[in-house]
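To be precise, the following lines are target03.cif, and they hold mmCIF, C-alpha atoms and all ligand atoms.
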```
data_final
#
loop_
_atom_site.label_atom_id
_atom_site.label_comp_id
_atom_site.auth_asym_id
_atom_site.auth_seq_id
_atom_site.Cartn_x
_atom_site.Cartn_y
_atom_site.Cartn_z
CA MET N 1 -163.40 143.62 -110.84
CA ILE N 2 -160.86 140.94 -111.69
CA LEU N 3 -161.29 137.87 -109.48
CA GLU N 4 -158.29 135.88 -110.65
CA GLN N 5 -155.69 135.73 -113.41
CA GLY N 6 -153.41 132.97 -114.58
CA TYR N 7 -152.41 130.69 -117.42
CA ILE N 8 -154.28 127.87 -119.10
CA ILE N 9 -153.59 125.45 -121.94
CA LYS N 10 -155.60 125.70 -125.14
CA ARG N 11 -155.81 122.36 -126.96
CA LYS N 12 -156.80 122.25 -130.58
CA ALA N 13 -156.25 118.94 -132.44
CA THR N 14 -152.62 118.12 -131.55
CA ILE N 15 -151.60 121.71 -130.76
CA ARG N 16 -151.22 122.82 -127.14
CA GLN N 17 -150.71 126.47 -126.44
CA GLU N 18 -150.29 128.36 -123.17
CA GLU N 19 -152.50 131.39 -122.85
CA SER N 20 -153.39 133.89 -120.13
CA TYR N 21 -156.89 134.00 -118.66
CA THR N 22 -158.87 136.44 -116.56
CA MET N 23 -161.76 135.57 -114.27
CA ARG N 24 -164.44 138.13 -113.50
CA LEU N 25 -168.19 138.39 -112.95
CA VAL N 26 -170.18 138.44 -116.19
CA GLU N 27 -172.65 141.30 -116.43
CA ALA N 28 -176.26 140.98 -117.58
CA LYS N 29 -175.44 143.07 -120.68
CA GLU N 30 -173.07 140.24 -121.77
CA ILE N 31 -175.95 137.74 -121.96
CA ASN N 32 -175.28 137.17 -125.68
CA ALA N 33 -171.77 135.85 -124.94
CA ILE N 34 -173.29 133.44 -122.37
CA MET N 35 -175.96 132.22 -124.79
CA ASN N 36 -173.40 131.80 -127.60
CA LEU N 37 -171.09 129.71 -125.42
CA GLN N 38 -174.02 127.61 -124.21
CA HIS N 39 -175.11 126.99 -127.81
CA LYS N 40 -171.59 126.01 -128.89
CA VAL N 41 -171.07 123.63 -125.94
CA TYR N 42 -174.54 122.07 -126.33
CA GLU N 43 -174.10 121.47 -130.06
CA GLY N 44 -170.81 119.68 -129.35
CA LEU N 45 -172.25 117.29 -126.77
CA PRO N 46 -172.53 113.63 -127.83
CA ASN N 47 -175.35 113.14 -125.29
CA LYS N 48 -177.67 116.17 -125.14
CA GLN N 49 -179.35 114.76 -122.00
CA VAL N 50 -176.45 115.94 -119.85
CA LEU N 51 -177.19 119.65 -120.26
CA TYR N 52 -180.42 121.47 -119.54
CA LYS N 53 -180.15 124.72 -121.45
CA ASP N 54 -180.93 127.90 -119.51
CA THR N 55 -183.08 130.40 -121.32
CA ARG N 56 -182.01 134.02 -121.75
CA GLN N 57 -185.09 135.13 -119.81
CA GLU N 58 -184.47 132.75 -116.86
CA MET N 59 -180.90 133.92 -116.53
CA LEU N 60 -181.69 137.62 -116.80
CA GLU N 61 -184.41 137.25 -114.20
CA ASP N 62 -182.04 135.38 -111.87
CA LEU N 63 -179.27 137.94 -112.40
CA SER N 64 -181.62 140.71 -111.37
CA ASN N 65 -182.37 138.68 -108.21
CA GLY N 66 -178.76 138.40 -107.09
CA ALA N 67 -177.53 135.40 -109.13
CA MET N 68 -173.89 135.54 -110.25
CA VAL N 69 -172.09 134.28 -113.30
CA ILE N 70 -168.36 133.81 -112.87
CA GLY N 71 -166.75 134.09 -116.28
CA VAL N 72 -163.35 133.01 -117.57
CA TYR N 73 -162.00 134.99 -120.52
CA ASN N 74 -159.10 134.04 -122.79
CA SER N 75 -156.32 136.37 -123.94
CA GLN N 76 -158.61 137.76 -126.67
CA GLU N 77 -161.28 138.62 -124.05
CA GLN N 78 -163.57 135.85 -125.34
CA LEU N 79 -165.76 134.05 -122.79
CA ILE N 80 -164.46 130.47 -122.67
CA SER N 81 -166.12 129.21 -119.49
CA TYR N 82 -168.67 130.24 -116.92
CA ARG N 83 -170.21 129.10 -113.68
CA TYR N 84 -173.71 130.28 -112.85
CA ILE N 85 -174.85 130.34 -109.22
CA SER N 86 -178.22 131.43 -107.89
CA PHE N 87 -180.06 131.96 -104.63
CA PRO N 88 -183.52 130.39 -105.00
CA GLY N 89 -184.90 131.52 -101.62
CA HIS N 90 -188.41 130.23 -101.02
CA SER N 91 -189.22 129.74 -104.70
CA LEU N 92 -190.60 126.38 -105.84
CA LYS N 93 -187.45 125.62 -107.81
CA ASN N 94 -185.33 125.49 -104.63
CA LEU N 95 -183.60 122.08 -104.82
CA GLY N 96 -183.69 121.95 -101.02
CA ASN N 97 -187.29 120.78 -101.50
CA ASP N 98 -186.06 117.74 -103.45
CA ILE N 99 -183.87 116.61 -100.56
CA HIS N 100 -186.43 117.49 -97.86
CA LEU N 101 -184.53 120.36 -96.26
CA ASP N 102 -186.45 122.06 -93.50
CA ASN N 103 -188.41 125.08 -94.72
CA SER N 104 -186.40 127.34 -92.42
CA GLU N 105 -183.19 126.35 -94.25
CA LEU N 106 -184.35 127.25 -97.75
CA ASP N 107 -183.11 130.82 -97.75
CA ARG N 108 -179.58 129.59 -96.99
CA VAL N 109 -179.45 127.48 -100.18
CA VAL N 110 -177.11 128.28 -103.05
CA HIS N 111 -177.75 126.56 -106.37
CA LEU N 112 -174.75 125.61 -108.45
CA GLU N 113 -176.45 126.00 -111.80
CA THR N 114 -174.80 125.47 -115.17
CA THR N 115 -171.04 125.26 -115.68
CA LEU N 116 -169.58 125.15 -119.14
CA VAL N 117 -166.07 124.99 -120.55
CA SER N 118 -165.43 125.55 -124.25
CA PRO N 119 -164.07 122.28 -125.73
CA ASP N 120 -160.64 123.78 -126.63
CA TYR N 121 -160.07 124.73 -123.00
CA ARG N 122 -161.17 121.54 -121.22
CA GLY N 123 -158.66 119.83 -118.94
CA ASN N 124 -157.62 123.03 -117.09
CA LYS N 125 -159.79 122.18 -114.07
CA LEU N 126 -161.89 125.30 -114.74
CA GLN N 127 -164.99 123.63 -113.31
CA ALA N 128 -163.19 123.07 -109.99
CA ILE N 129 -161.43 126.46 -110.04
CA THR N 130 -164.65 128.40 -110.59
CA LEU N 131 -166.37 126.36 -107.86
CA SER N 132 -163.68 127.36 -105.34
CA LYS N 133 -164.13 130.98 -106.43
CA ALA N 134 -167.92 130.70 -106.03
CA ILE N 135 -167.51 129.37 -102.47
CA GLU N 136 -165.15 132.26 -101.71
CA LEU N 137 -167.63 134.80 -103.11
CA ILE N 138 -170.62 133.49 -101.15
CA LYS N 139 -168.77 133.28 -97.83
CA PRO N 140 -169.89 136.72 -96.58
CA LEU N 141 -173.51 135.84 -97.44
CA GLU N 142 -173.60 133.16 -94.70
CA MET N 143 -175.13 130.53 -96.94
CA LYS N 144 -175.22 126.97 -95.64
CA HIS N 145 -176.27 124.56 -98.39
CA LEU N 146 -174.66 124.03 -101.78
CA ILE N 147 -177.02 122.09 -104.04
CA CYS N 148 -176.89 121.12 -107.69
CA THR N 149 -178.18 118.62 -110.22
CA VAL N 150 -175.93 116.44 -112.37
CA SER N 151 -176.90 113.92 -115.01
CA PRO N 152 -176.03 110.27 -114.22
CA TYR N 153 -174.45 110.20 -117.70
CA ASN N 154 -172.10 113.14 -117.09
CA LEU N 155 -168.90 111.52 -115.81
CA PHE N 156 -166.69 114.64 -115.90
CA SER N 157 -169.10 116.94 -114.12
CA LEU N 158 -170.15 114.33 -111.54
CA TYR N 159 -166.53 113.53 -110.73
CA ASN N 160 -165.64 117.21 -110.24
CA ILE N 161 -168.69 117.97 -108.12
CA MET N 162 -168.28 114.92 -105.88
CA SER N 163 -164.56 115.71 -105.48
CA ALA N 164 -165.64 119.06 -104.05
CA GLY N 165 -167.55 117.22 -101.28
CA LEU N 166 -171.11 117.31 -102.62
CA ASN N 167 -172.96 114.05 -101.98
CA ILE N 168 -175.79 112.36 -103.85
CA LYS N 169 -179.03 112.72 -101.88
CA SER N 170 -181.66 112.07 -104.55
CA LEU N 171 -182.14 110.75 -108.08
CA LYS N 172 -185.21 111.84 -110.04
CA ARG N 173 -186.49 113.24 -113.30
CA LYS N 174 -186.18 117.04 -113.50
CA TYR N 175 -187.01 119.77 -116.02
CA ALA N 176 -190.23 118.18 -117.27
CA SER N 177 -192.34 120.37 -119.57
CA LYS N 178 -195.08 119.99 -122.18
CA GLU N 179 -192.50 118.99 -124.78
CA LEU N 180 -190.06 117.17 -122.51
CA ASP N 181 -190.57 114.14 -120.29
CA GLY N 182 -187.83 115.36 -117.92
CA MET N 183 -184.26 114.17 -117.60
CA TRP N 184 -182.67 111.99 -114.93
CA ARG N 185 -180.68 114.00 -112.44
CA PHE N 186 -178.80 113.32 -109.24
CA ILE N 187 -179.41 116.01 -106.63
CA LEU N 188 -176.15 116.64 -104.81
CA HIS N 189 -175.76 118.53 -101.56
CA LYS N 190 -173.08 119.79 -99.23
CA ASP N 191 -173.86 121.25 -95.82
CA MET N 192 -171.03 123.76 -95.43
CA SER N 193 -171.57 124.02 -91.67
CA LYS N 194 -170.51 120.47 -90.84
CA SER N 195 -168.36 117.62 -92.08
CA PHE N 196 -169.91 114.53 -93.60
CA SER N 197 -169.18 111.13 -92.08
CA ILE N 198 -170.08 107.68 -93.34
CA GLU N 199 -171.24 104.48 -91.70
CA ASN N 200 -168.31 102.19 -92.63
CA SER N 201 -170.19 98.95 -92.09
CA GLU N 202 -172.84 99.79 -94.67
CA LEU N 203 -170.98 100.38 -97.93
CA LYS N 204 -172.42 99.64 -101.38
CA MET N 205 -171.19 100.34 -104.92
CA LEU N 206 -173.19 100.89 -108.10
CA LYS N 207 -172.32 102.04 -111.62
CA MET N 208 -173.30 105.69 -112.13
CA ASP N 209 -175.82 104.99 -114.91
CA LYS N 210 -177.74 102.25 -113.04
CA ILE N 211 -180.78 104.43 -112.45
CA PHE N 212 -183.29 102.20 -110.70
CA GLU N 213 -180.75 100.35 -108.54
CA GLN N 214 -179.40 103.68 -107.26
CA LYS N 215 -182.86 105.10 -106.75
CA ASN N 216 -183.70 102.08 -104.55
CA LEU N 217 -180.57 102.51 -102.49
CA ILE N 218 -181.14 106.23 -101.99
CA GLU N 219 -184.73 105.57 -100.93
CA LYS N 220 -183.32 103.28 -98.20
CA GLY N 221 -181.29 106.22 -96.84
CA TYR N 222 -178.00 105.70 -98.65
CA VAL N 223 -175.92 108.68 -99.76
CA GLY N 224 -173.46 108.60 -102.68
CA TYR N 225 -170.17 109.99 -101.38
CA ASN N 226 -167.45 109.02 -103.87
CA LEU N 227 -167.09 108.34 -107.60
CA ILE N 228 -164.28 106.17 -108.89
CA LYS N 229 -163.54 107.73 -112.26
CA ASP N 230 -162.00 104.74 -114.06
CA SER N 231 -164.74 102.22 -113.25
CA GLN N 232 -167.55 104.86 -113.05
CA MET N 233 -168.66 103.21 -109.80
CA ILE N 234 -170.30 105.30 -107.09
CA GLN N 235 -169.71 104.37 -103.45
CA TYR N 236 -172.78 104.66 -101.24
CA SER N 237 -173.10 104.57 -97.49
CA LEU N 238 -175.69 105.22 -94.82
CA SER N 239 -174.82 108.67 -93.50
CA GLN N 240 -174.26 109.08 -89.74
C1 LIG V 1 -168.03 119.27 -117.23
C2 LIG V 1 -167.01 120.29 -117.75
C3 LIG V 1 -167.42 121.67 -117.30
C4 LIG V 1 -165.62 119.94 -117.16
O1 LIG V 1 -164.64 120.74 -117.79
P1 LIG V 1 -163.16 120.94 -117.15
O2 LIG V 1 -163.23 121.71 -115.88
O3 LIG V 1 -162.34 121.50 -118.23
O4 LIG V 1 -162.75 119.44 -116.84
P2 LIG V 1 -161.40 118.91 -116.13
O5 LIG V 1 -160.33 119.93 -116.22
O6 LIG V 1 -161.79 118.41 -114.78
O7 LIG V 1 -161.05 117.67 -117.05
C5 LIG V 1 -160.37 116.51 -116.57
C6 LIG V 1 -160.09 115.62 -117.76
O8 LIG V 1 -161.32 115.21 -118.39
C7 LIG V 1 -161.35 115.65 -119.75
N1 LIG V 1 -162.68 116.17 -120.06
C8 LIG V 1 -163.36 117.12 -119.37
N2 LIG V 1 -164.57 117.31 -119.91
C9 LIG V 1 -164.66 116.46 -120.96
C10 LIG V 1 -165.69 116.18 -121.90
N3 LIG V 1 -166.89 116.81 -121.84
N4 LIG V 1 -165.44 115.24 -122.83
C11 LIG V 1 -164.26 114.58 -122.89
N5 LIG V 1 -163.24 114.79 -122.02
C12 LIG V 1 -163.46 115.73 -121.06
C13 LIG V 1 -160.33 116.75 -119.84
O9 LIG V 1 -159.85 116.93 -121.15
C14 LIG V 1 -159.27 116.29 -118.86
O10 LIG V 1 -158.48 115.28 -119.50
P3 LIG V 1 -156.92 115.09 -119.12
O11 LIG V 1 -156.93 114.54 -117.71
O12 LIG V 1 -156.46 114.14 -120.16
O13 LIG V 1 -156.31 116.46 -119.18
C15 LIG V 1 -166.93 120.23 -119.30
O14 LIG V 1 -166.73 118.89 -119.68
C16 LIG V 1 -168.17 120.76 -120.01
O15 LIG V 1 -168.29 121.95 -120.27
N6 LIG V 1 -169.08 119.82 -120.35
C17 LIG V 1 -170.30 120.17 -121.06
C18 LIG V 1 -171.31 120.93 -120.19
C19 LIG V 1 -171.63 120.19 -118.93
O16 LIG V 1 -171.84 118.99 -118.92
N7 LIG V 1 -171.66 120.95 -117.80
C20 LIG V 1 -171.99 120.40 -116.50
C21 LIG V 1 -173.46 120.36 -116.27
S1 LIG V 1 -174.10 121.96 -116.07
#
```

What does the file become when written as structure tokens?
Ligand SMILES: CC(C)(COP(=O)(O)OP(=O)(O)OC[C@H]1O[C@@H](n2cnc3c(N)ncnc32)[C@H](O)[C@@H]1OP(=O)(O)O)[C@@H](O)C(=O)NCCC(=O)NCCS
Amino acid sequence: MILEQGYIIKRKATIRQEESYTMRLVEAKEINAIMNLQHKVYEGLPNKQVLYKDTRQEMLEDLSNGAMVIGVYNSQEQLISYRYISFPGHSLKNLGNDIHLDNSELDRVVHLETTLVSPDYRGNKLQAITLSKAIELIKPLEMKHLICTVSPYNLFSLYNIMSAGLNIKSLKRKYASKELDGMWRFILHKDMSKSFSIENSELKMLKMDKIFEQKNLIEKGYVGYNLIKDSQMIQYSLSQ
């Protein structure tokens, strides 16, 4: 089923070219296209810490448990972007645990997992467009909490996610394994059932990569609610 169609700009070196795109759900049998795009995007990243690579097995398992991958295809039917969302339920990986959500809320959590855009197609707001589509798709499922992780070194992703109303609730190392010491991640959250308001008298600002200063602030109850893109400063407030 086609979810959306439109036009995007492909940029290669100095050439800009308008091209049609189609958005649809990616099927499990297309896992190779997902893995290939992930590999290409990862290899092109100047800082590999910003992307935790999903394994084929993890994704296939998630897809069989109701996860969705919204794919964007170019005019040659090549996958150029995707957004992966999952429903962690009461599993240990539920990020609701990291922000101390009540146990009874965990089955209303949606994880915004990986989002990738092929370098030639960046700048078309595909991260934001696929997020709006994801919110539309999950509406009938009566989910309440949108949660994701973003690296404190990933300006573009953090800016897009915070612009969509997700706020920083935690900062910690995630994805630790035998080989890996873990990577710093903000945990961002939006409660879709209510609007977020700030305590105006208690505002603070910190640069997005100041790990320990932000961690201290968050531990005191501050929430990061806005990112100023040019200065890379995050505005924090006590939430009401
Ligand atoms: C984060 C990401 C998905 C955003 O892609 P996008 O939706 O195309 O980004 P936007 O359309 O919001 O881009 C806004 C501007 O930032 C630029 N931009 C976006 N991502 C960029 C990047 N990784 N490096 C340099 N510039 C980037 C765009 O070219 C655009 O510039 P313009 O204003 O001059 O046109 C994309 O950068 C990406 O795939 N990054 C690698 C994977 C990743 O970090 N994913 C998120 C964590 S899972």

So, with only C-alpha atoms as the atoms that count, which of N:Glu27, N:Glu18, N:Glu113, N:Glu105 lies closest to Ile187 in chain N? N:Glu113

Got a sec: who's within 12 Å of Pro46 in chain N, counting all atoms listed in the file, leaving out chain neighbours fewer than 5 positions off, as an mmCIF file with C-alpha atoms, keeping the file's coordinate frame?
```cif
data_model
loop_
_atom_site.group_PDB
_atom_site.id
_atom_site.type_symbol
_atom_site.label_atom_id
_atom_site.label_comp_id
_atom_site.auth_asym_id
_atom_site.auth_seq_id
_atom_site.Cartn_x
_atom_site.Cartn_y
_atom_site.Cartn_z
ATOM 1 C CA VAL N 41 -171.070 123.630 -125.940
ATOM 2 C CA LEU N 51 -177.190 119.650 -120.260
ATOM 3 C CA TYR N 153 -174.450 110.200 -117.700
ATOM 4 C CA ASN N 154 -172.100 113.140 -117.090
#
```

Any residue with an atom at most 9 Å from ligand LIG 1 (chain V) counts, using only C-alpha atoms and all ligand atoms. Which are they? Put them as a PyMOL selection string. chain N and resi 11+38+41-42+44-46+48+50-53+81-84+112-130+148-151+154-160

Here's a test: counting only C-alpha atoms, identify every protein, DNA and RNA residue with an atom at most 12 Å from (-172.2, 101.5, -112.1) in the file's coordinate frame, and state them as a ChimeraX atom specification. /N:152-153,155,204-214,224,227-236

Excluding Lys174 in chain N and its own-chain neighbours fewer than 5 positions away, which residues fall within 8 Å of it when counting all atoms listed in the file? Please give them as a list in words. Gly182, Met183, Trp184 and Arg185 of chain N

Take the residues from that selection and put them in a file with C-alpha atoms, as a PDB file, in the coordinates of the input.
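As a result, part.pdb now contains:
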```pdb
ATOM      1  CA  GLY N 182    -187.830 115.360-117.920  1.00  0.00           C
ATOM      2  CA  MET N 183    -184.260 114.170-117.600  1.00  0.00           C
ATOM      3  CA  TRP N 184    -182.670 111.990-114.930  1.00  0.00           C
ATOM      4  CA  ARG N 185    -180.680 114.000-112.440  1.00  0.00           C
TER       5      ARG N 185
END
```

Nearest to Leu203 in chain N: which of N:Ser239, N:Ser170, N:Thr14, N:Asn103 is it, counting only C-alpha atoms? N:Ser239

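In this model, the gap between CA of His39 in chain N and CA of Gln57 in chain N comes to 15.2 Å.
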
Quick one: residues within 12 Å of range 197-201 of chain N, only C-alpha atoms, excluding same-chain residues fewer than 6 positions away - as a ChimeraX atom specification? /N:165,167,190-191,221-226,235-240

Near range 65-78 of chain N, counting all atoms listed in the file, which residues have an atom at most 6 Å away, once you skip same-chain residues fewer than 6 positions from it, shown as a list in words? Ser20, Tyr21, Thr22, Met23, Arg24, Leu25, Val26, Tyr84, Ile85 and Ser86 of chain N

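The point (-179.8, 113.2, -103.9) has these residues within 6 Å of it, counting only C-alpha atoms: Ile168, Lys169, Ser170, Leu171, Phe186, Ile187 and Leu188 of chain N.
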
For Ser193 in chain N, the nearest of the candidates N:Met1, N:Leu166, N:Ile34, N:Met143, counting all atoms listed in the file: N:Met143

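Between CA of Lys172 in chain N and CA of Leu92 in chain N the interatomic distance comes to 16.1 Å.
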
Will you model N, CA, C and O atoms for range 217-240 of chain N and pass it back as a PDB file, keeping the file's coordinate frame?
```
ATOM      1  N   LEU N 217    -181.531 102.356-103.585  1.00  0.00           N
ATOM      2  CA  LEU N 217    -180.570 102.510-102.490  1.00  0.00           C
ATOM      3  C   LEU N 217    -180.777 103.841-101.782  1.00  0.00           C
ATOM      4  O   LEU N 217    -180.798 103.910-100.550  1.00  0.00           O
ATOM      5  N   ILE N 218    -180.958 104.891-102.564  1.00  0.00           N
ATOM      6  CA  ILE N 218    -181.140 106.230-101.990  1.00  0.00           C
ATOM      7  C   ILE N 218    -182.421 106.274-101.158  1.00  0.00           C
ATOM      8  O   ILE N 218    -182.464 106.853-100.078  1.00  0.00           O
ATOM      9  N   GLU N 219    -183.457 105.593-101.681  1.00  0.00           N
ATOM     10  CA  GLU N 219    -184.730 105.570-100.930  1.00  0.00           C
ATOM     11  C   GLU N 219    -184.575 104.856 -99.584  1.00  0.00           C
ATOM     12  O   GLU N 219    -185.322 105.095 -98.647  1.00  0.00           O
ATOM     13  N   LYS N 220    -183.552 103.975 -99.482  1.00  0.00           N
ATOM     14  CA  LYS N 220    -183.320 103.280 -98.200  1.00  0.00           C
ATOM     15  C   LYS N 220    -182.444 104.114 -97.270  1.00  0.00           C
ATOM     16  O   LYS N 220    -182.043 103.645 -96.204  1.00  0.00           O
ATOM     17  N   GLY N 221    -182.077 105.321 -97.711  1.00  0.00           N
ATOM     18  CA  GLY N 221    -181.290 106.220 -96.840  1.00  0.00           C
ATOM     19  C   GLY N 221    -179.816 106.292 -97.169  1.00  0.00           C
ATOM     20  O   GLY N 221    -179.042 106.914 -96.438  1.00  0.00           O
ATOM     21  N   TYR N 222    -179.411 105.646 -98.269  1.00  0.00           N
ATOM     22  CA  TYR N 222    -178.000 105.700 -98.650  1.00  0.00           C
ATOM     23  C   TYR N 222    -177.667 107.024 -99.336  1.00  0.00           C
ATOM     24  O   TYR N 222    -178.518 107.609-100.021  1.00  0.00           O
ATOM     25  N   VAL N 223    -176.406 107.438 -99.166  1.00  0.00           N
ATOM     26  CA  VAL N 223    -175.920 108.680 -99.760  1.00  0.00           C
ATOM     27  C   VAL N 223    -174.684 108.332-100.601  1.00  0.00           C
ATOM     28  O   VAL N 223    -173.812 107.588-100.137  1.00  0.00           O
ATOM     29  N   GLY N 224    -174.628 108.852-101.821  1.00  0.00           N
ATOM     30  CA  GLY N 224    -173.460 108.600-102.680  1.00  0.00           C
ATOM     31  C   GLY N 224    -172.364 109.586-102.324  1.00  0.00           C
ATOM     32  O   GLY N 224    -172.583 110.796-102.376  1.00  0.00           O
ATOM     33  N   TYR N 225    -171.197 109.062-101.896  1.00  0.00           N
ATOM     34  CA  TYR N 225    -170.170 109.990-101.380  1.00  0.00           C
ATOM     35  C   TYR N 225    -168.873 109.975-102.164  1.00  0.00           C
ATOM     36  O   TYR N 225    -167.994 110.794-101.913  1.00  0.00           O
ATOM     37  N   ASN N 226    -168.713 109.043-103.109  1.00  0.00           N
ATOM     38  CA  ASN N 226    -167.450 109.020-103.870  1.00  0.00           C
ATOM     39  C   ASN N 226    -167.671 108.375-105.234  1.00  0.00           C
ATOM     40  O   ASN N 226    -168.420 107.412-105.353  1.00  0.00           O
ATOM     41  N   LEU N 227    -167.020 108.926-106.252  1.00  0.00           N
ATOM     42  CA  LEU N 227    -167.090 108.340-107.600  1.00  0.00           C
ATOM     43  C   LEU N 227    -165.687 107.919-108.020  1.00  0.00           C
ATOM     44  O   LEU N 227    -164.751 108.724-107.978  1.00  0.00           O
ATOM     45  N   ILE N 228    -165.573 106.653-108.390  1.00  0.00           N
ATOM     46  CA  ILE N 228    -164.280 106.170-108.890  1.00  0.00           C
ATOM     47  C   ILE N 228    -164.302 106.368-110.398  1.00  0.00           C
ATOM     48  O   ILE N 228    -165.122 105.767-111.098  1.00  0.00           O
ATOM     49  N   LYS N 229    -163.431 107.272-110.871  1.00  0.00           N
ATOM     50  CA  LYS N 229    -163.540 107.730-112.260  1.00  0.00           C
ATOM     51  C   LYS N 229    -163.345 106.599-113.277  1.00  0.00           C
ATOM     52  O   LYS N 229    -164.114 106.472-114.233  1.00  0.00           O
ATOM     53  N   ASP N 230    -162.319 105.753-113.049  1.00  0.00           N
ATOM     54  CA  ASP N 230    -162.000 104.740-114.060  1.00  0.00           C
ATOM     55  C   ASP N 230    -163.117 103.724-114.255  1.00  0.00           C
ATOM     56  O   ASP N 230    -163.452 103.354-115.380  1.00  0.00           O
ATOM     57  N   SER N 231    -163.699 103.248-113.138  1.00  0.00           N
ATOM     58  CA  SER N 231    -164.740 102.220-113.250  1.00  0.00           C
ATOM     59  C   SER N 231    -166.143 102.825-113.326  1.00  0.00           C
ATOM     60  O   SER N 231    -167.107 102.125-113.570  1.00  0.00           O
ATOM     61  N   GLN N 232    -166.260 104.147-113.090  1.00  0.00           N
ATOM     62  CA  GLN N 232    -167.550 104.860-113.050  1.00  0.00           C
ATOM     63  C   GLN N 232    -168.475 104.304-111.976  1.00  0.00           C
ATOM     64  O   GLN N 232    -169.700 104.341-112.102  1.00  0.00           O
ATOM     65  N   MET N 233    -167.864 103.755-110.912  1.00  0.00           N
ATOM     66  CA  MET N 233    -168.660 103.210-109.800  1.00  0.00           C
ATOM     67  C   MET N 233    -168.822 104.278-108.721  1.00  0.00           C
ATOM     68  O   MET N 233    -167.857 104.972-108.384  1.00  0.00           O
ATOM     69  N   ILE N 234    -170.049 104.366-108.187  1.00  0.00           N
ATOM     70  CA  ILE N 234    -170.300 105.300-107.090  1.00  0.00           C
ATOM     71  C   ILE N 234    -170.372 104.513-105.784  1.00  0.00           C
ATOM     72  O   ILE N 234    -171.024 103.472-105.715  1.00  0.00           O
ATOM     73  N   GLN N 235    -169.660 105.012-104.763  1.00  0.00           N
ATOM     74  CA  GLN N 235    -169.710 104.370-103.450  1.00  0.00           C
ATOM     75  C   GLN N 235    -170.827 105.025-102.640  1.00  0.00           C
ATOM     76  O   GLN N 235    -170.910 106.260-102.587  1.00  0.00           O
ATOM     77  N   TYR N 236    -171.658 104.192-102.057  1.00  0.00           N
ATOM     78  CA  TYR N 236    -172.780 104.660-101.240  1.00  0.00           C
ATOM     79  C   TYR N 236    -172.611 104.174 -99.809  1.00  0.00           C
ATOM     80  O   TYR N 236    -172.058 103.096 -99.569  1.00  0.00           O
ATOM     81  N   SER N 237    -173.123 104.975 -98.888  1.00  0.00           N
ATOM     82  CA  SER N 237    -173.100 104.570 -97.490  1.00  0.00           C
ATOM     83  C   SER N 237    -174.324 105.167 -96.795  1.00  0.00           C
ATOM     84  O   SER N 237    -174.889 106.155 -97.267  1.00  0.00           O
ATOM     85  N   LEU N 238    -174.680 104.567 -95.656  1.00  0.00           N
ATOM     86  CA  LEU N 238    -175.690 105.220 -94.820  1.00  0.00           C
ATOM     87  C   LEU N 238    -174.964 106.362 -94.140  1.00  0.00           C
ATOM     88  O   LEU N 238    -173.844 106.174 -93.664  1.00  0.00           O
ATOM     89  N   SER N 239    -175.541 107.560 -94.130  1.00  0.00           N
ATOM     90  CA  SER N 239    -174.820 108.670 -93.500  1.00  0.00           C
ATOM     91  C   SER N 239    -175.082 108.639 -92.001  1.00  0.00           C
ATOM     92  O   SER N 239    -176.121 108.155 -91.548  1.00  0.00           O
ATOM     93  N   GLN N 240    -174.125 109.142 -91.214  1.00  0.00           N
ATOM     94  CA  GLN N 240    -174.260 109.080 -89.740  1.00  0.00           C
ATOM     95  C   GLN N 240    -175.065 110.241 -89.219  1.00  0.00           C
ATOM     96  O   GLN N 240    -175.052 111.292 -89.803  1.00  0.00           O
TER      97      GLN N 240
END
```
